[in-house]
>>> print(open('protein-v5.cif').read())   # mmCIF, C-alpha atoms
data_structure
#
loop_
_atom_site.label_atom_id
_atom_site.label_comp_id
_atom_site.auth_asym_id
_atom_site.auth_seq_id
_atom_site.Cartn_x
_atom_site.Cartn_y
_atom_site.Cartn_z
CA MET A 1 182.55 125.38 124.41
CA LYS A 2 179.42 123.45 125.19
CA LYS A 3 178.39 123.62 121.51
CA THR A 4 181.76 122.23 120.43
CA LEU A 5 181.57 119.38 122.89
CA LEU A 6 178.06 118.58 121.82
CA ALA A 7 179.08 118.47 118.20
CA LEU A 8 181.98 116.14 118.96
CA ALA A 9 179.75 113.88 121.00
CA VAL A 10 177.26 113.59 118.15
CA PHE A 11 180.04 112.92 115.65
CA GLY A 12 181.49 110.24 117.87
CA PHE A 13 178.11 108.53 118.26
CA SER A 14 177.57 108.58 114.49
CA ALA A 15 180.98 107.08 113.88
CA VAL A 16 180.18 104.18 116.18
CA LEU A 17 177.00 103.42 114.23
CA PHE A 18 178.82 103.67 110.90
CA ALA A 19 181.58 101.33 112.00
CA GLY A 20 179.00 98.76 113.04
CA ALA A 21 177.87 98.35 109.41
CA GLN A 22 181.33 98.06 107.90
CA ALA A 23 182.74 95.30 105.71
CA ARG A 24 185.88 94.75 103.68
CA LEU A 25 186.17 94.47 99.90
CA LYS A 26 189.24 93.03 98.22
CA GLY A 27 190.28 91.24 95.07
CA LYS A 28 192.90 90.45 92.49
CA VAL A 29 193.06 91.46 88.82
CA THR A 30 194.95 89.44 86.20
CA ASP A 31 195.06 89.10 82.46
CA THR A 32 193.54 86.04 80.79
CA ALA A 33 196.78 84.12 81.31
CA GLY A 34 196.64 84.72 85.04
CA THR A 35 199.44 87.33 85.19
CA PRO A 36 198.77 90.00 87.86
CA LEU A 37 197.97 93.46 86.46
CA GLU A 38 199.38 96.50 88.29
CA GLY A 39 197.76 99.92 88.01
CA VAL A 40 194.24 98.77 87.19
CA THR A 41 191.71 101.44 88.14
CA VAL A 42 189.06 99.95 90.42
CA THR A 43 186.01 102.18 90.77
CA LEU A 44 183.52 101.42 93.52
CA THR A 45 180.01 102.93 93.31
CA THR A 46 176.56 102.18 94.68
CA PRO A 47 173.14 102.76 93.11
CA ASN A 48 171.88 103.86 96.54
CA LEU A 49 174.07 106.99 96.63
CA ARG A 50 174.48 108.84 93.34
CA LEU A 51 177.51 110.85 94.43
CA PHE A 52 179.37 108.01 96.15
CA LYS A 53 182.59 106.90 94.39
CA VAL A 54 185.80 105.30 95.63
CA ILE A 55 188.74 104.92 93.21
CA LEU A 56 191.51 102.42 93.93
CA LYS A 57 194.60 101.09 92.10
CA THR A 58 195.92 97.54 92.06
CA ASP A 59 199.45 96.95 93.38
CA LYS A 60 202.28 94.91 91.84
CA LYS A 61 200.48 91.72 92.83
CA GLY A 62 197.35 92.92 91.05
CA GLU A 63 195.58 93.23 94.40
CA TYR A 64 193.36 95.94 95.84
CA GLY A 65 191.35 96.38 99.01
CA THR A 66 189.21 98.88 100.89
CA ILE A 67 186.85 99.26 103.81
CA VAL A 68 183.17 99.59 102.93
CA ASN A 69 181.63 101.81 105.60
CA ASP A 70 178.02 100.84 104.92
CA ALA A 71 177.65 97.20 103.95
CA THR A 72 173.87 97.44 103.99
CA MET A 73 174.06 98.77 100.42
CA PRO A 74 174.91 96.91 97.19
CA TYR A 75 178.07 97.96 95.36
CA HIS A 76 179.19 98.06 91.74
CA VAL A 77 182.86 97.47 90.87
CA ARG A 78 184.43 98.52 87.56
CA PHE A 79 187.95 97.51 86.46
CA GLU A 80 189.77 99.59 83.80
CA LYS A 81 193.27 99.63 82.36
CA GLU A 82 194.55 101.00 79.08
CA GLY A 83 194.95 98.23 76.52
CA PHE A 84 192.34 96.02 78.15
CA VAL A 85 188.58 95.58 77.86
CA PRO A 86 186.84 96.96 81.00
CA SER A 87 185.08 94.52 83.30
CA GLU A 88 182.24 95.13 85.76
CA SER A 89 180.67 93.24 88.65
CA ASP A 90 178.03 93.74 91.37
CA LYS A 91 178.59 92.72 94.96
CA LYS A 92 176.55 92.73 98.18
CA ILE A 93 178.81 92.12 101.18
CA PRO A 94 177.38 90.94 104.51
CA VAL A 95 178.02 93.33 107.41
CA GLY A 96 181.30 92.52 109.13
CA ASP A 97 182.39 90.13 106.38
CA THR A 98 184.97 90.28 103.58
CA GLY A 99 183.73 90.36 100.01
CA VAL A 100 186.01 89.21 97.20
CA VAL A 101 185.66 90.49 93.63
CA ASP A 102 188.39 89.22 91.30
CA ALA A 103 188.64 90.06 87.60
CA LYS A 104 190.34 88.72 84.50
CA LEU A 105 190.82 91.39 81.86
CA GLN A 106 191.03 90.56 78.19
CA SER A 107 193.40 92.66 76.11
CA THR A 108 191.87 94.78 73.35
CA ALA A 109 194.03 92.86 70.86
CA GLN A 110 192.55 89.56 72.02
CA ALA A 111 189.04 91.00 71.88
CA GLY A 112 189.60 92.20 68.32
CA GLN A 113 190.85 88.80 67.20
CA ALA A 114 187.89 87.09 68.84
CA ALA A 115 185.47 89.43 67.07
CA LYS A 116 187.11 88.73 63.69
CA GLY A 117 187.05 84.99 64.34
CA ALA A 118 183.40 84.90 65.37
CA ALA A 119 181.45 83.05 62.72
CA ALA A 120 178.47 84.80 61.16
CA PRO A 121 175.11 83.10 61.83
CA SER A 122 174.49 80.22 59.44
CA ALA A 123 171.58 80.26 57.02
CA SER A 124 169.69 77.78 59.19
CA GLU A 125 170.26 79.95 62.30
CA GLN A 126 169.07 83.03 60.43
CA ALA A 127 166.01 81.13 59.20
CA ALA A 128 165.18 79.98 62.74
CA ALA A 129 165.41 83.56 64.02
CA VAL A 130 163.13 84.85 61.25
CA PHE A 131 160.69 81.97 61.83
CA ASN A 132 160.49 82.88 65.53
CA GLU A 133 159.70 86.47 64.55
CA GLY A 134 156.87 85.09 62.42
CA VAL A 135 155.52 83.07 65.35
CA ASP A 136 155.50 86.21 67.51
CA LEU A 137 153.60 88.10 64.81
CA LEU A 138 151.14 85.22 64.42
CA ASN A 139 150.52 85.14 68.18
CA ALA A 140 149.91 88.90 68.02
CA GLY A 141 147.26 88.35 65.34
CA ASN A 142 149.21 89.81 62.41
CA LYS A 143 148.85 86.92 59.98
CA ALA A 144 149.95 88.81 56.87
CA ALA A 145 153.24 89.89 58.44
CA ALA A 146 153.71 86.42 59.92
CA GLU A 147 153.26 84.82 56.50
CA ALA A 148 155.90 87.15 55.05
CA LYS A 149 158.34 86.10 57.79
CA PHE A 150 157.64 82.40 57.21
CA LEU A 151 158.29 82.86 53.48
CA GLU A 152 161.53 84.66 54.31
CA ALA A 153 162.51 81.83 56.67
CA VAL A 154 162.03 79.06 54.10
CA GLY A 155 163.82 81.25 51.57
CA LYS A 156 166.86 81.22 53.85
CA ASN A 157 166.48 77.54 54.70
CA PRO A 158 164.23 75.49 52.38
CA ASP A 159 164.72 72.51 54.71
CA LEU A 160 162.76 74.13 57.58
CA PRO A 161 159.64 71.94 57.98
CA GLN A 162 158.07 74.21 60.61
CA GLY A 163 158.14 77.09 58.12
CA TRP A 164 156.34 75.09 55.44
CA GLN A 165 153.86 73.79 58.02
CA ALA A 166 152.98 77.32 59.16
CA LEU A 167 152.56 78.44 55.55
CA ALA A 168 150.30 75.45 54.82
CA VAL A 169 148.04 76.25 57.77
CA LEU A 170 147.80 79.93 56.77
CA ALA A 171 147.08 78.98 53.16
CA HIS A 172 144.31 76.63 54.32
CA GLU A 173 142.76 79.44 56.35
CA LYS A 174 142.81 81.63 53.22
CA LYS A 175 141.25 78.76 51.22
CA ASP A 176 144.23 78.74 48.88
CA TRP A 177 143.97 75.03 48.23
CA ALA A 178 146.87 74.83 45.75
CA LYS A 179 149.29 76.47 48.18
CA THR A 180 147.97 74.35 51.05
CA LEU A 181 148.81 71.20 49.11
CA GLU A 182 152.19 72.53 47.95
CA TYR A 183 153.38 73.77 51.35
CA GLY A 184 151.91 70.86 53.27
CA GLN A 185 153.60 68.30 51.03
CA LYS A 186 156.97 70.06 51.47
CA ALA A 187 156.56 70.07 55.25
CA LEU A 188 155.74 66.35 55.33
CA ASP A 189 158.57 65.47 52.96
CA LEU A 190 160.96 67.08 55.46
CA ASP A 191 159.22 65.84 58.63
CA PRO A 192 156.75 62.94 58.24
CA SER A 193 155.77 63.31 61.91
CA LEU A 194 153.70 66.42 61.10
CA THR A 195 150.57 64.27 60.86
CA GLN A 196 148.35 67.16 61.95
CA LEU A 197 148.60 68.39 58.35
CA TYR A 198 146.72 65.35 57.02
CA GLY A 199 143.33 66.92 57.81
CA PRO A 200 143.93 70.26 56.04
CA LEU A 201 145.50 68.43 53.09
CA ALA A 202 142.50 66.08 52.81
CA ASN A 203 140.16 69.08 52.81
CA ALA A 204 142.31 71.00 50.30
CA ALA A 205 142.37 68.02 47.95
CA ALA A 206 138.61 67.59 48.26
CA GLN A 207 137.99 71.28 47.62
CA SER A 208 140.27 71.07 44.58
CA GLY A 209 138.16 68.22 43.19
CA ASP A 210 140.83 65.57 43.58
CA LYS A 211 138.80 62.79 45.21
CA THR A 212 141.61 60.24 45.03
CA ALA A 213 144.08 62.48 46.85
CA ALA A 214 141.43 63.51 49.35
CA ALA A 215 140.67 59.87 50.16
CA ALA A 216 144.38 59.10 50.53
CA TRP A 217 144.98 62.02 52.90
CA GLN A 218 141.82 61.13 54.83
CA ALA A 219 143.04 57.56 55.24
CA LYS A 220 146.38 58.83 56.55
CA TYR A 221 144.53 61.14 58.95
CA ALA A 222 142.36 58.27 60.21
CA GLU A 223 145.40 56.07 60.77
CA ALA A 224 147.28 58.81 62.63
CA ASN A 225 144.29 60.00 64.67
CA PRO A 226 142.13 56.96 65.41
CA ASP A 227 140.54 58.33 68.55
CA THR A 228 139.74 61.94 67.68
CA PRO A 229 136.04 62.87 67.98
CA GLU A 230 135.86 63.33 64.22
CA MET A 231 137.31 59.91 63.45
CA LEU A 232 135.10 58.23 66.06
CA TYR A 233 132.13 59.95 64.44
CA ASN A 234 133.13 58.80 60.94
CA ARG A 235 133.58 55.23 62.10
CA GLY A 236 130.29 55.40 63.98
CA VAL A 237 128.34 56.55 60.91
CA GLN A 238 130.05 53.88 58.81
CA ALA A 239 128.98 51.24 61.36
CA TYR A 240 125.43 52.64 61.39
CA ASN A 241 125.22 52.50 57.58
CA ALA A 242 126.52 48.94 57.72
CA LYS A 243 123.65 48.16 60.15
CA LYS A 244 126.09 47.50 63.00
CA VAL A 245 123.99 49.67 65.28
CA LYS A 246 125.50 48.60 68.60
CA ASP A 247 129.01 49.33 67.29
CA ALA A 248 127.75 52.66 66.02
CA GLU A 249 126.27 53.47 69.42
CA ALA A 250 129.58 52.73 71.17
CA LEU A 251 131.67 54.81 68.75
CA LEU A 252 129.27 57.76 68.70
CA THR A 253 129.04 57.73 72.49
CA LYS A 254 132.82 58.11 72.65
CA ALA A 255 132.66 60.94 70.10
CA VAL A 256 130.21 63.05 72.12
CA GLU A 257 132.01 62.28 75.36
CA ALA A 258 135.20 63.62 73.83
CA LYS A 259 133.41 66.56 72.22
CA PRO A 260 130.12 67.37 74.00
CA ASP A 261 129.13 70.08 71.50
CA PHE A 262 129.50 67.75 68.49
CA ALA A 263 125.98 68.36 67.18
CA ILE A 264 125.79 65.92 64.27
CA ALA A 265 127.30 63.15 66.41
CA HIS A 266 124.44 63.64 68.88
CA PHE A 267 121.96 63.24 66.01
CA TRP A 268 123.38 59.92 64.83
CA LEU A 269 123.75 58.67 68.40
CA GLY A 270 120.08 59.53 68.85
CA MET A 271 119.24 57.54 65.71
CA ALA A 272 121.29 54.56 66.90
CA SER A 273 119.56 54.68 70.28
CA PHE A 274 116.17 54.89 68.52
CA ASN A 275 116.96 51.78 66.48
CA LEU A 276 118.00 49.97 69.66
CA ASN A 277 114.69 51.01 71.25
CA LYS A 278 116.46 53.11 73.88
CA LYS A 279 113.88 55.88 73.83
CA ALA A 280 115.23 57.96 76.70
CA ALA A 281 118.73 58.07 75.20
CA ALA A 282 117.34 58.75 71.72
CA ARG A 283 115.26 61.66 73.06
CA GLU A 284 118.24 63.06 74.98
CA HIS A 285 120.59 63.12 71.99
CA LEU A 286 118.10 64.30 69.41
CA GLN A 287 117.08 67.17 71.69
CA LYS A 288 120.76 67.97 72.24
CA TYR A 289 121.28 68.03 68.48
CA LEU A 290 118.45 70.53 68.02
CA GLU A 291 119.76 72.63 70.90
CA LEU A 292 123.24 72.80 69.35
CA ASP A 293 122.17 73.15 65.72
CA PRO A 294 118.47 74.09 65.50
CA ASN A 295 118.68 74.70 61.74
CA GLY A 296 120.99 71.79 60.96
CA THR A 297 120.61 69.51 57.95
CA GLU A 298 118.97 66.81 60.08
CA ALA A 299 116.77 69.14 62.16
CA ALA A 300 113.57 68.16 60.32
CA THR A 301 114.26 64.44 60.85
CA ALA A 302 114.97 64.97 64.54
CA LYS A 303 111.70 66.92 65.00
CA GLU A 304 109.82 64.18 63.18
CA ILE A 305 111.16 61.40 65.42
CA LEU A 306 110.97 63.16 68.83
CA PRO A 307 107.15 62.82 69.16
CA LEU A 308 107.57 59.04 68.80
CA LEU A 309 109.79 58.92 71.89
CA LYS A 310 107.27 59.94 74.52
#
>>> encode(input="protein-v5.cif", output="structure tokens")
Amino acid sequence: MKKTLLALAVFGFSAVLFAGAQARLKGKVTDTAGTPLEGVTVTLTTPNLRLFKVILKTDKKGEYGTIVNDATMPYHVRFEKEGFVPSESDKKIPVGDTGVVDAKLQSTAQAGQAAKGAAAPSASEQAAAVFNEGVDLLNAGNKAAAEAKFLEAVGKNPDLPQGWQALAVLAHEKKDWAKTLEYGQKALDLDPSLTQLYGPLANAAAQSGDKTAAAAWQAKYAEANPDTPEMLYNRGVQAYNAKKVKDAEALLTKAVEAKPDFAIAHFWLGMASFNLNKKAAAREHLQKYLELDPNGTEAATAKEILPLLK
């Protein structure tokens, strides 16, 4: 008798704890027109307890409801009825509160019609997807596979400037000057704002022996990128050769400030400083040039002038 009483006492204590974590779950199920659906199977499960399952049915009003004994756990609700597409939802109900999970079920006939009516991806959408695959491959270091994807993309949509741009850059890396010029021109015809291609196109034209085209692309690059270290350097050397040494000094100073490891710019800045009798600055930049490029084309000249700057 004592054992029975003890067991009942423990059960009663457990029930009190369980009730303290309760909550209520309810909802209404309709079709897409808002008509209540009777007889919908509502299955309640939780990922916290593999064997836990509560199965309910909606009434004539399409409503259902139940008590959740342990609201500390998340619940998953699935709605099913023959002739309709199942629907699912997750719900976490605060202890002592009422959680509402409604559902609108689409008929299988409606779903079938929607699937038939769904438009296939357009050529441009397909091209964009393939292009993105190429970008992922390029970022992963697989340039050959990326190039194949970019070719596929422009095959699907020849009006995709990003595809032609990527192909031009890859062709330039491979030193395929003809393809660089072909792809780069197509990209710019479609999107003139891709001015970053001017540099590779100028180099490709020069490497192909077309000095006129190279000069034209270089002029476009200079106009589009007036303050890049390379353009500042070019303008600085031009000023130096025109004996505008102070202008050269200013431009070359900006070039090395923007690009501190710009070896040849340090050399010409050193020469400009030397001509302006700024020995300390000349020594600094000529030494920097030799440090960055000890076997450079102007290394012998730098070594010849440095002893004069003591």
>>> closest_residue(input="protein-v5.cif", among="A:Arg24, A:His172, A:Asn142, A:Thr43", to="Val100 in chain A", atoms="only C-alpha atoms")
A:Arg24
>>> resolve_selection(input="protein-v5.cif", expression="the PyMOL selection byres ((chain A and resi 246-261) around 7)", output="ChimeraX atom specification")
/A:229,232-233,235-237,239-240,244-245,262-263,265-266,269,272-273,292
>>> residues_around(input="protein-v5.cif", residues="range 57-70 of chain A", least_positions_apart="2", cutoff="9 Å", atoms="only C-alpha atoms", output="PyMOL selection string")
chain A and resi 18-30+35-43+54-55+72-73+93+95+102
>>> residues_around(input="protein-v5.cif", residues="Ile305 in chain A", least_positions_apart="2", cutoff="9 Å", atoms="only C-alpha atoms", output="PyMOL selection string")
chain A and resi 271+274+283+286+300-303+307-309
>>> resolve_selection(input="protein-v5.cif", expression="the PyMOL selection byres ((chain A and resi 154) around 10)", output="list of chain:residue names")
A:Ser124, A:Ala127, A:Ala128, A:Val130, A:Phe131, A:Lys149, A:Phe150, A:Leu151, A:Glu152, A:Ala153, A:Gly155, A:Lys156, A:Asn157, A:Pro158, A:Asp159, A:Leu160, A:Pro161, A:Gln162, A:Gly163, A:Trp164, A:Leu167
>>> residues_around(input="protein-v5.cif", residues="range 216-223 of chain A", least_positions_apart="6", cutoff="8 Å", atoms="all atoms listed in the file", output="PyMOL selection string")
chain A and resi 195-196+198-199+201-202+231
>>> resolve_selection(input="protein-v5.cif", expression="the PyMOL selection byres ((chain A and resi 45) around 9)", output="number ranges by chain")
A: 43-44, 46-55, 74-78
